[in-house]
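First up is the structure itself, then whatever we jot down about it.
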Amino acid sequence: MSTSTEGYVSAEKRMKSAIETLKKEFSTIRTGRANPALLDRIEVEYYGSSTPLKGLANITVTDARTLVIQAFDKSAVKEIEKAIVSSGLGLTPNVDGALVRINIPALTEERRKDLSKVVRKYAEEARIAVRNVRRDAIDELKKLKGKEISEDEHKRQEDSFQKLTDKSVKEIDDMTKQKEAEVMEV
């Protein structure tokens with residue numbers, strides 16, 4: 001495989017990575033619907049160490065607005081409740097024996113607008129990451145021009161990086177429109 005092809009494959013991987021990161025960030029944004037990913041960042045203090053919530057319990061969706069958390073160890077229920085309350089997500093857990101139920105309240109118009117801004121901010125960060133990958137790839141190409149690749153090959157490679165960038169940015173834009181629509185849905 002030539003050096004320029006390796007550069008293209010590397011750039012493609014890095015752009016896909018930026019898009020995957022954006023998907024993960026979008027999954028943690030509350031939309032008014034129950035989604036177990038909403039609790040992905042919650043850490044529970046369990047026997048003196050910070051443990052991810054999904055490592056301590058099963059999280060299921062019972063209906064569009066209810067999450068049920070079933071702890072593997074009943075003694076962890078109080079700590080799970082405390083972690084959810086202090087998470088800053090604005091959720092109120094209801095403890096029912098070994099189960100913790102969370103009703104996801106409907107979002108206010110103002111909160112939906114705020115979340116929409118967060119969605120756009122994450123999307124812009126992803127676009128910047130993709131453009132930085134393109135810039136790095138083109139810088140590498142410039143080092144090869146005249147030595148290992150011809151002027152024509154340099155131009156072809158540069159065009160292919162631009163097409164890859166355009167494709168990635170379009171995917172980010174499509175994801176952003178979908179997530180904003182989800183957030184603004186009443």
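Every chain in the structure tokens has a letter given in the order shown (A, B, ...), and although residue numbers restart at 1 in each chain, ligands are simply numbered from 1 in the order shown.
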Report task. Output as a PyMOL selection string all residues of region 30-130 of chain A that backbone DSSP marks as strand (DSSP E). Result -> chain A and resi 43-46+49-52+57-63+66-71+93-96+99-103
For those residues, write N, CA, C and O atoms to a file as a compact mmCIF listing (two decimals), in the first residue's frame.
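File written: selection_32.txt
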```txt
# COMPACT_ATOMS: atom_id res chain seq x y z
N GLU A 43 -21.77 7.68 37.69
CA GLU A 43 -20.85 6.85 38.48
C GLU A 43 -21.44 6.72 39.89
O GLU A 43 -21.88 7.71 40.47
N VAL A 44 -21.45 5.51 40.40
CA VAL A 44 -22.00 5.23 41.73
C VAL A 44 -20.85 4.88 42.67
O VAL A 44 -19.97 4.10 42.32
N GLU A 45 -20.88 5.46 43.88
CA GLU A 45 -19.89 5.13 44.90
C GLU A 45 -20.28 3.78 45.47
O GLU A 45 -21.30 3.65 46.15
N TYR A 46 -19.50 2.75 45.18
CA TYR A 46 -19.86 1.38 45.58
C TYR A 46 -18.65 0.72 46.22
O TYR A 46 -17.63 0.52 45.57
N SER A 49 -15.31 2.63 45.78
CA SER A 49 -14.79 3.01 44.47
C SER A 49 -15.93 3.49 43.58
O SER A 49 -17.08 3.11 43.75
N SER A 50 -15.57 4.32 42.63
CA SER A 50 -16.55 4.88 41.70
C SER A 50 -16.77 3.86 40.58
O SER A 50 -15.84 3.50 39.87
N THR A 51 -18.01 3.40 40.42
CA THR A 51 -18.35 2.35 39.46
C THR A 51 -19.44 2.86 38.53
O THR A 51 -20.40 3.49 38.99
N PRO A 52 -19.33 2.58 37.22
CA PRO A 52 -20.40 2.99 36.31
C PRO A 52 -21.72 2.31 36.69
O PRO A 52 -21.73 1.14 37.07
N ALA A 57 -26.18 -2.54 37.63
CA ALA A 57 -27.61 -2.78 37.49
C ALA A 57 -28.02 -2.96 36.04
O ALA A 57 -27.30 -2.54 35.14
N ASN A 58 -29.18 -3.57 35.86
CA ASN A 58 -29.82 -3.63 34.55
C ASN A 58 -30.68 -2.39 34.42
O ASN A 58 -31.43 -2.05 35.34
N ILE A 59 -30.61 -1.74 33.26
CA ILE A 59 -31.43 -0.55 33.02
C ILE A 59 -32.36 -0.88 31.86
O ILE A 59 -31.89 -1.24 30.78
N THR A 60 -33.67 -0.78 32.10
CA THR A 60 -34.64 -1.09 31.05
C THR A 60 -35.63 0.06 30.89
O THR A 60 -35.82 0.87 31.80
N VAL A 61 -36.25 0.10 29.72
CA VAL A 61 -37.28 1.09 29.42
C VAL A 61 -38.62 0.36 29.47
O VAL A 61 -38.83 -0.61 28.75
N THR A 62 -39.51 0.81 30.35
CA THR A 62 -40.82 0.15 30.45
C THR A 62 -41.86 0.82 29.56
O THR A 62 -42.76 0.17 29.08
N ASP A 63 -41.75 2.14 29.39
CA ASP A 63 -42.60 2.86 28.45
C ASP A 63 -41.84 4.10 28.00
O ASP A 63 -40.70 4.30 28.37
N THR A 66 -40.45 6.07 31.15
CA THR A 66 -40.03 5.43 32.40
C THR A 66 -38.82 4.52 32.19
O THR A 66 -38.82 3.66 31.31
N LEU A 67 -37.81 4.73 33.05
CA LEU A 67 -36.64 3.85 33.12
C LEU A 67 -36.73 3.07 34.42
O LEU A 67 -37.12 3.62 35.45
N VAL A 68 -36.38 1.79 34.36
CA VAL A 68 -36.34 0.97 35.57
C VAL A 68 -34.93 0.44 35.73
O VAL A 68 -34.36 -0.13 34.80
N ILE A 69 -34.38 0.65 36.91
CA ILE A 69 -33.02 0.19 37.22
C ILE A 69 -33.15 -0.91 38.26
O ILE A 69 -33.71 -0.70 39.34
N GLN A 70 -32.63 -2.09 37.91
CA GLN A 70 -32.67 -3.22 38.84
C GLN A 70 -31.24 -3.53 39.25
O GLN A 70 -30.45 -4.03 38.45
N ALA A 71 -30.92 -3.22 40.50
CA ALA A 71 -29.57 -3.42 41.02
C ALA A 71 -29.25 -4.90 41.16
O ALA A 71 -30.11 -5.69 41.55
N PRO A 93 -35.41 9.84 41.18
CA PRO A 93 -35.63 8.39 41.27
C PRO A 93 -36.64 8.04 42.36
O PRO A 93 -36.71 8.70 43.39
N ASN A 94 -37.44 7.00 42.10
CA ASN A 94 -38.38 6.47 43.10
C ASN A 94 -37.91 5.05 43.43
O ASN A 94 -37.88 4.20 42.56
N VAL A 95 -37.57 4.83 44.70
CA VAL A 95 -37.07 3.52 45.12
C VAL A 95 -38.25 2.65 45.52
O VAL A 95 -39.12 3.06 46.28
N ASP A 96 -38.24 1.42 44.97
CA ASP A 96 -39.30 0.45 45.24
C ASP A 96 -38.62 -0.89 45.51
O ASP A 96 -38.46 -1.70 44.61
N LEU A 99 -35.81 -2.11 43.11
CA LEU A 99 -35.95 -1.38 41.85
C LEU A 99 -35.89 0.12 42.07
O LEU A 99 -36.35 0.63 43.10
N VAL A 100 -35.34 0.81 41.10
CA VAL A 100 -35.35 2.27 41.10
C VAL A 100 -36.06 2.67 39.81
O VAL A 100 -35.63 2.31 38.72
N ARG A 101 -37.16 3.40 39.96
CA ARG A 101 -37.90 3.88 38.79
C ARG A 101 -37.61 5.35 38.58
O ARG A 101 -37.56 6.12 39.54
N ILE A 102 -37.46 5.71 37.31
CA ILE A 102 -37.24 7.12 36.99
C ILE A 102 -38.27 7.50 35.93
O ILE A 102 -38.30 6.94 34.84
N ASN A 103 -39.13 8.47 36.30
CA ASN A 103 -40.07 9.02 35.32
C ASN A 103 -39.39 10.21 34.66
O ASN A 103 -38.93 11.12 35.35
```
Query raised in the report: Out of region 90-153 of chain A, which residues get alpha helix (DSSP H) from DSSP, as JSON, numbers by chain?
Result: {"A": [109, 110, 111, 112, 113, 114, 115, 116, 117, 118, 119, 120, 121, 122, 123, 124, 125, 126, 127, 128, 129, 130, 131, 132, 133, 134, 135, 136, 137, 138, 139, 140, 141, 142, 143, 144, 151, 152, 153]}
With N, CA and C atoms retained, export the selected residues as an mmCIF file, in the first residue's frame.
```cif
data_model
loop_
_atom_site.group_PDB
_atom_site.id
_atom_site.type_symbol
_atom_site.label_atom_id
_atom_site.label_comp_id
_atom_site.auth_asym_id
_atom_site.auth_seq_id
_atom_site.Cartn_x
_atom_site.Cartn_y
_atom_site.Cartn_z
ATOM 1 N N GLU A 109 -40.341 24.227 26.896
ATOM 2 C CA GLU A 109 -39.909 24.833 25.630
ATOM 3 C C GLU A 109 -38.504 25.441 25.783
ATOM 4 N N GLU A 110 -38.283 26.130 26.902
ATOM 5 C CA GLU A 110 -36.984 26.761 27.144
ATOM 6 C C GLU A 110 -35.868 25.713 27.233
ATOM 7 N N ARG A 111 -36.145 24.620 27.942
ATOM 8 C CA ARG A 111 -35.152 23.548 28.080
ATOM 9 C C ARG A 111 -34.858 22.888 26.733
ATOM 10 N N ARG A 112 -35.888 22.715 25.895
ATOM 11 C CA ARG A 112 -35.677 22.141 24.565
ATOM 12 C C ARG A 112 -34.764 23.033 23.731
ATOM 13 N N LYS A 113 -34.969 24.348 23.839
ATOM 14 C CA LYS A 113 -34.119 25.292 23.087
ATOM 15 C C LYS A 113 -32.678 25.219 23.581
ATOM 16 N N ASP A 114 -32.500 25.117 24.904
ATOM 17 C CA ASP A 114 -31.149 24.994 25.467
ATOM 18 C C ASP A 114 -30.467 23.714 24.973
ATOM 19 N N LEU A 115 -31.210 22.614 24.980
ATOM 20 C CA LEU A 115 -30.643 21.339 24.521
ATOM 21 C C LEU A 115 -30.322 21.383 23.032
ATOM 22 N N SER A 116 -31.125 22.107 22.282
ATOM 23 C CA SER A 116 -30.867 22.262 20.844
ATOM 24 C C SER A 116 -29.533 22.987 20.622
ATOM 25 N N LYS A 117 -29.251 23.968 21.470
ATOM 26 C CA LYS A 117 -27.965 24.680 21.380
ATOM 27 C C LYS A 117 -26.808 23.733 21.698
ATOM 28 N N VAL A 118 -27.002 22.872 22.678
ATOM 29 C CA VAL A 118 -25.969 21.892 23.035
ATOM 30 C C VAL A 118 -25.727 20.941 21.861
ATOM 31 N N VAL A 119 -26.799 20.519 21.205
ATOM 32 C CA VAL A 119 -26.682 19.639 20.033
ATOM 33 C C VAL A 119 -25.829 20.325 18.958
ATOM 34 N N ARG A 120 -26.137 21.585 18.676
ATOM 35 C CA ARG A 120 -25.371 22.328 17.645
ATOM 36 C C ARG A 120 -23.911 22.504 18.050
ATOM 37 N N LYS A 121 -23.667 22.722 19.350
ATOM 38 C CA LYS A 121 -22.286 22.876 19.830
ATOM 39 C C LYS A 121 -21.497 21.581 19.616
ATOM 40 N N TYR A 122 -22.080 20.442 19.995
ATOM 41 C CA TYR A 122 -21.416 19.153 19.785
ATOM 42 C C TYR A 122 -21.159 18.910 18.301
ATOM 43 N N ALA A 123 -22.136 19.263 17.467
ATOM 44 C CA ALA A 123 -21.987 19.064 16.019
ATOM 45 C C ALA A 123 -20.844 19.922 15.473
ATOM 46 N N GLU A 124 -20.749 21.156 15.933
ATOM 47 C CA GLU A 124 -19.672 22.030 15.446
ATOM 48 C C GLU A 124 -18.306 21.495 15.877
ATOM 49 N N GLU A 125 -18.222 20.964 17.092
ATOM 50 C CA GLU A 125 -16.959 20.364 17.544
ATOM 51 C C GLU A 125 -16.575 19.180 16.650
ATOM 52 N N ALA A 126 -17.555 18.392 16.235
ATOM 53 C CA ALA A 126 -17.291 17.254 15.353
ATOM 54 C C ALA A 126 -16.837 17.746 13.972
ATOM 55 N N ARG A 127 -17.498 18.789 13.456
ATOM 56 C CA ARG A 127 -17.083 19.351 12.153
ATOM 57 C C ARG A 127 -15.644 19.852 12.221
ATOM 58 N N ILE A 128 -15.308 20.524 13.307
ATOM 59 C CA ILE A 128 -13.937 21.030 13.469
ATOM 60 C C ILE A 128 -12.951 19.867 13.495
ATOM 61 N N ALA A 129 -13.292 18.802 14.201
ATOM 62 C CA ALA A 129 -12.412 17.623 14.264
ATOM 63 C C ALA A 129 -12.196 17.049 12.862
ATOM 64 N N VAL A 130 -13.269 16.958 12.073
ATOM 65 C CA VAL A 130 -13.164 16.428 10.706
ATOM 66 C C VAL A 130 -12.274 17.336 9.852
ATOM 67 N N ARG A 131 -12.473 18.640 9.972
ATOM 68 C CA ARG A 131 -11.647 19.576 9.183
ATOM 69 C C ARG A 131 -10.181 19.512 9.604
ATOM 70 N N ASN A 132 -9.937 19.303 10.875
ATOM 71 C CA ASN A 132 -8.548 19.164 11.339
ATOM 72 C C ASN A 132 -7.897 17.920 10.749
ATOM 73 N N VAL A 133 -8.661 16.846 10.627
ATOM 74 C CA VAL A 133 -8.140 15.618 10.006
ATOM 75 C C VAL A 133 -7.761 15.921 8.557
ATOM 76 N N ARG A 134 -8.659 16.625 7.847
ATOM 77 C CA ARG A 134 -8.365 16.981 6.449
ATOM 78 C C ARG A 134 -7.093 17.824 6.365
ATOM 79 N N ARG A 135 -6.977 18.814 7.239
ATOM 80 C CA ARG A 135 -5.798 19.685 7.225
ATOM 81 C C ARG A 135 -4.520 18.875 7.458
ATOM 82 N N ASP A 136 -4.554 17.984 8.442
ATOM 83 C CA ASP A 136 -3.378 17.152 8.723
ATOM 84 C C ASP A 136 -3.022 16.268 7.532
ATOM 85 N N ALA A 137 -4.036 15.692 6.894
ATOM 86 C CA ALA A 137 -3.797 14.804 5.757
ATOM 87 C C ALA A 137 -3.187 15.573 4.585
ATOM 88 N N ILE A 138 -3.694 16.769 4.343
ATOM 89 C CA ILE A 138 -3.163 17.582 3.235
ATOM 90 C C ILE A 138 -1.747 18.051 3.553
ATOM 91 N N ASP A 139 -1.476 18.359 4.811
ATOM 92 C CA ASP A 139 -0.101 18.723 5.204
ATOM 93 C C ASP A 139 0.862 17.572 4.931
ATOM 94 N N GLU A 140 0.434 16.355 5.242
ATOM 95 C CA GLU A 140 1.264 15.175 4.962
ATOM 96 C C GLU A 140 1.492 15.009 3.463
ATOM 97 N N LEU A 141 0.439 15.262 2.686
ATOM 98 C CA LEU A 141 0.564 15.164 1.226
ATOM 99 C C LEU A 141 1.587 16.152 0.693
ATOM 100 N N LYS A 142 1.578 17.360 1.238
ATOM 101 C CA LYS A 142 2.506 18.401 0.777
ATOM 102 C C LYS A 142 3.951 17.972 0.982
ATOM 103 N N LYS A 143 4.201 17.225 2.055
ATOM 104 C CA LYS A 143 5.557 16.741 2.315
ATOM 105 C C LYS A 143 5.998 15.733 1.258
ATOM 106 N N LEU A 144 5.035 14.992 0.687
ATOM 107 C CA LEU A 144 5.349 13.957 -0.300
ATOM 108 C C LEU A 144 5.437 14.512 -1.719
ATOM 109 N N GLU A 151 2.673 15.911 -9.059
ATOM 110 C CA GLU A 151 1.752 17.035 -8.877
ATOM 111 C C GLU A 151 0.308 16.594 -9.128
ATOM 112 N N ASP A 152 0.099 15.791 -10.196
ATOM 113 C CA ASP A 152 -1.248 15.312 -10.537
ATOM 114 C C ASP A 152 -1.795 14.402 -9.433
ATOM 115 N N GLU A 153 -0.956 13.490 -8.956
ATOM 116 C CA GLU A 153 -1.379 12.576 -7.889
ATOM 117 C C GLU A 153 -1.693 13.366 -6.620
#
```
Query raised in the report: Quick one: of A:Glu171, A:Lys163, A:Glu12, A:Arg30, who's nearest to Leu91 (chain A), counting only C-alpha atoms?
Result: A:Arg30
Query raised in the report: Smallest atom-to-atom distance to Lys170 (chain A): which of A:Ile42, A:Ile19, A:Arg33, A:Val9, using only C-alpha atoms?
Result: A:Ile19
So that I can see what lies close to Gly32 (chain A), please list as a PDB file with C-alpha atoms, in the first residue's frame the residues with an atom at most 7 Å from it, counting only C-alpha atoms and leaving out residues fewer than 3 positions away in the same chain.
```
ATOM      1  CA  ILE A 104     -38.699  11.245  32.596  1.00  0.00           C
ATOM      2  CA  PRO A 105     -40.590  14.546  32.811  1.00  0.00           C
ATOM      3  CA  ALA A 106     -41.653  16.348  29.653  1.00  0.00           C
ATOM      4  CA  LEU A 107     -39.208  19.064  28.643  1.00  0.00           C
TER       5      LEU A 107
END
```
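In terms of minimum interatomic distance to Thr165 (chain A), A:Lys16 ranks closest within A:Thr108, A:Gly7, A:Lys16, A:Ala64, counting only C-alpha atoms.
Closest approach to Gly48 (chain A) among A:Ala76, A:Ile29, A:Leu22, A:Met15 is made by A:Ala76 (distances from only C-alpha atoms).
CA of Ala98 (chain A) lies 6.4 Å from CA of Val77 (chain A).
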